[in-house]
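Below is one structure; the comments refer to it alone.
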Amino acid sequence: MNFVAIDFETAKYSQESACSVGLVKFLDGKAADTFYSLIRPPSLYIRPDFTGIHGLTVDDVRDAPNFAEVWKTGILPFTGGLPLAAHNAVFDMGVLRAALTWYELPMPQLEYFCTLALARAAWPELESHALPSLGEHFGIAYDAHNALADARTCGIIACKAAEKYARGNVRDVLTAAGTKMSGFP
């Protein structure tokens with residue numbers, strides 16, 4: 001299982017407003033490396049209710065690099081061409097697409113899969129497939145809505161599915177679960 005789990009936190013409802021990103025590289029089903037960065041959103045504003053969720057304030061991101069800088073020097077090199085995993089990938093890939101568009105950056109050719117869809121397929125008996133619920137179910141203690149902790153938990157969920165299906169690579173796990181890899185953009 002080789003992939004990079006990714007999670008964004010945003011400053012407000014508009015998707016280009018990423019204010020932090022966490023990535024965890026999984027190699028052979030084990031967390032091998034991490035990348036985390038605060039991001040200064042295009043508008044230096046964070047909704048108070050969003051601060052209540054992820055704990056980030058304007059003071060935290062005021063001197064942070066913007067998304068374009070984080071993308072070029074951090075996110076893109078870190079992924080190394082591996083597929084991305086995101087819990088509720090529609091959200092995280094939407095943030096990525098919106099931020100790339102905002103900063104007029106070229107859209108990369110990436111593959112990704114959704115661990116929410118994977119968890120729903122693998123464990124349909126669970127009442128909730130939200131990341132905190134899955135973390136609790138599997139005994140994963142983590143700081144919910146911290147981008148790095150969310151990415152790590154997302155990656156562990158993918159690895160748990162690999163264990164359940166006794167498969168060693170992402171495509172085989174997704175096939176066994178009846179889910180699929182998607183292309184970006």
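Just remember, in the structure tokens the first chain shown is A, the second B, etc., residues are 1-based per chain, and ligands are 1-based in the order shown.
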
Item to check | Residues flagged strand (DSSP E or B) by DSSP in stretch 38-132 of chain A, as a PyMOL selection string | outcome: chain A and resi 38+40+66+84-86+110-114

Who sits within 10 Å of stretch 59-71 of chain A, only C-alpha atoms, same chain under 6 positions skipped, as an mmCIF file with C-alpha atoms, in the first residue's frame:
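So the final result, stored in selection_15.cif, reads:
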data_model
loop_
_atom_site.group_PDB
_atom_site.id
_atom_site.type_symbol
_atom_site.label_atom_id
_atom_site.label_comp_id
_atom_site.auth_asym_id
_atom_site.auth_seq_id
_atom_site.Cartn_x
_atom_site.Cartn_y
_atom_site.Cartn_z
ATOM 1 C CA ALA A 11 -10.805 29.390 6.465
ATOM 2 C CA GLU A 16 -9.770 28.210 -2.341
ATOM 3 C CA SER A 17 -9.477 29.317 1.301
ATOM 4 C CA ALA A 18 -7.165 26.497 2.416
ATOM 5 C CA CYS A 19 -5.499 27.475 5.690
ATOM 6 C CA SER A 20 -3.617 24.251 6.447
ATOM 7 C CA VAL A 21 -2.644 21.014 4.768
ATOM 8 C CA TYR A 36 2.359 19.863 7.310
ATOM 9 C CA SER A 37 1.998 23.534 6.568
ATOM 10 C CA LEU A 38 -0.163 26.418 7.554
ATOM 11 C CA ILE A 39 -1.410 28.351 4.512
ATOM 12 C CA ARG A 40 -2.244 32.046 4.296
ATOM 13 C CA PRO A 41 -5.638 32.097 2.539
ATOM 14 C CA PRO A 42 -6.249 34.612 -0.279
ATOM 15 C CA LEU A 44 -6.823 37.020 5.492
ATOM 16 C CA TYR A 45 -9.981 36.005 7.317
ATOM 17 C CA ILE A 46 -11.055 32.844 9.142
ATOM 18 C CA PRO A 77 7.222 17.297 -4.455
ATOM 19 C CA PHE A 78 6.000 15.328 -1.419
ATOM 20 C CA LEU A 96 -7.058 21.478 -4.334
ATOM 21 C CA ALA A 99 -6.718 26.719 -4.925
ATOM 22 C CA LEU A 100 -4.856 25.748 -8.100
ATOM 23 C CA TRP A 102 -7.208 30.743 -7.811
ATOM 24 C CA TYR A 103 -3.428 30.921 -8.146
ATOM 25 C CA GLU A 104 -3.537 30.103 -11.872
ATOM 26 C CA LEU A 105 -1.369 27.015 -11.410
#

Next on the checklist: Report, in Å to a single decimal, how far apart atom CA of A:Gly183 and atom CA of A:Leu118 are.
Outcome noted: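 Atom CA of A:Gly183 lies at a distance of 16.2 Å from atom CA of A:Leu118.
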
Item to check | Exercise: A:Ala176 partners within 10 Å, only C-alpha atoms, chain neighbours under 2 positions left out, as a PyMOL selection string | outcome: chain A and resi 118+121-122+161-162+164-167+170-174+178-180

Expected file: the selected residues, C-alpha atoms, as a CSV table (one decimal), in the first residue's frame:
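The file below, result_34.csv, is the result:
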chain,number,residue,atom,x,y,z
A,118,LEU,CA,-13.8,2.7,1.0
A,121,ALA,CA,-17.9,-0.5,1.4
A,122,ALA,CA,-15.6,-2.3,3.8
A,161,ALA,CA,-9.2,-1.9,4.6
A,162,ALA,CA,-6.1,-3.5,3.0
A,164,LYS,CA,-9.6,-6.7,5.8
A,165,TYR,CA,-9.3,-7.6,2.1
A,166,ALA,CA,-5.8,-9.1,2.5
A,167,ARG,CA,-4.6,-7.1,-0.4
A,170,VAL,CA,-4.2,0.3,-3.5
A,171,ARG,CA,-5.9,-0.8,-6.8
A,172,ASP,CA,-6.5,-4.4,-5.5
A,173,VAL,CA,-8.0,-3.0,-2.2
A,174,LEU,CA,-10.3,-0.7,-4.1
A,178,GLY,CA,-16.0,-2.3,-5.2
A,179,THR,CA,-14.7,1.3,-5.2
A,180,LYS,CA,-12.3,2.9,-7.6

Next on the checklist: Env of A:Asp49: 10 Å cut, atoms = only C-alpha atoms, seq-sep filter 4 positions within chain, self excluded. Answer as a ChimeraX atom specification.
Outcome noted: /A:11-12,53-55

Take the residues from that selection and write them out as a compact mmCIF listing (two decimals), in the first residue's frame, keeping N, CA and C atoms.
# COMPACT_ATOMS: atom_id res chain seq x y z
N ALA A 11 -10.52 28.22 5.65
CA ALA A 11 -10.80 29.39 6.46
C ALA A 11 -12.28 29.77 6.44
N LYS A 12 -12.95 29.38 5.37
CA LYS A 12 -14.37 29.70 5.20
C LYS A 12 -14.95 28.72 4.20
N ILE A 53 -13.82 24.84 14.87
CA ILE A 53 -13.67 23.46 14.39
C ILE A 53 -12.19 23.05 14.39
N HIS A 54 -11.34 23.86 13.73
CA HIS A 54 -9.94 23.44 13.57
C HIS A 54 -8.95 24.19 14.44
N GLY A 55 -9.42 25.23 15.12
CA GLY A 55 -8.56 25.94 16.07
C GLY A 55 -7.62 26.97 15.48
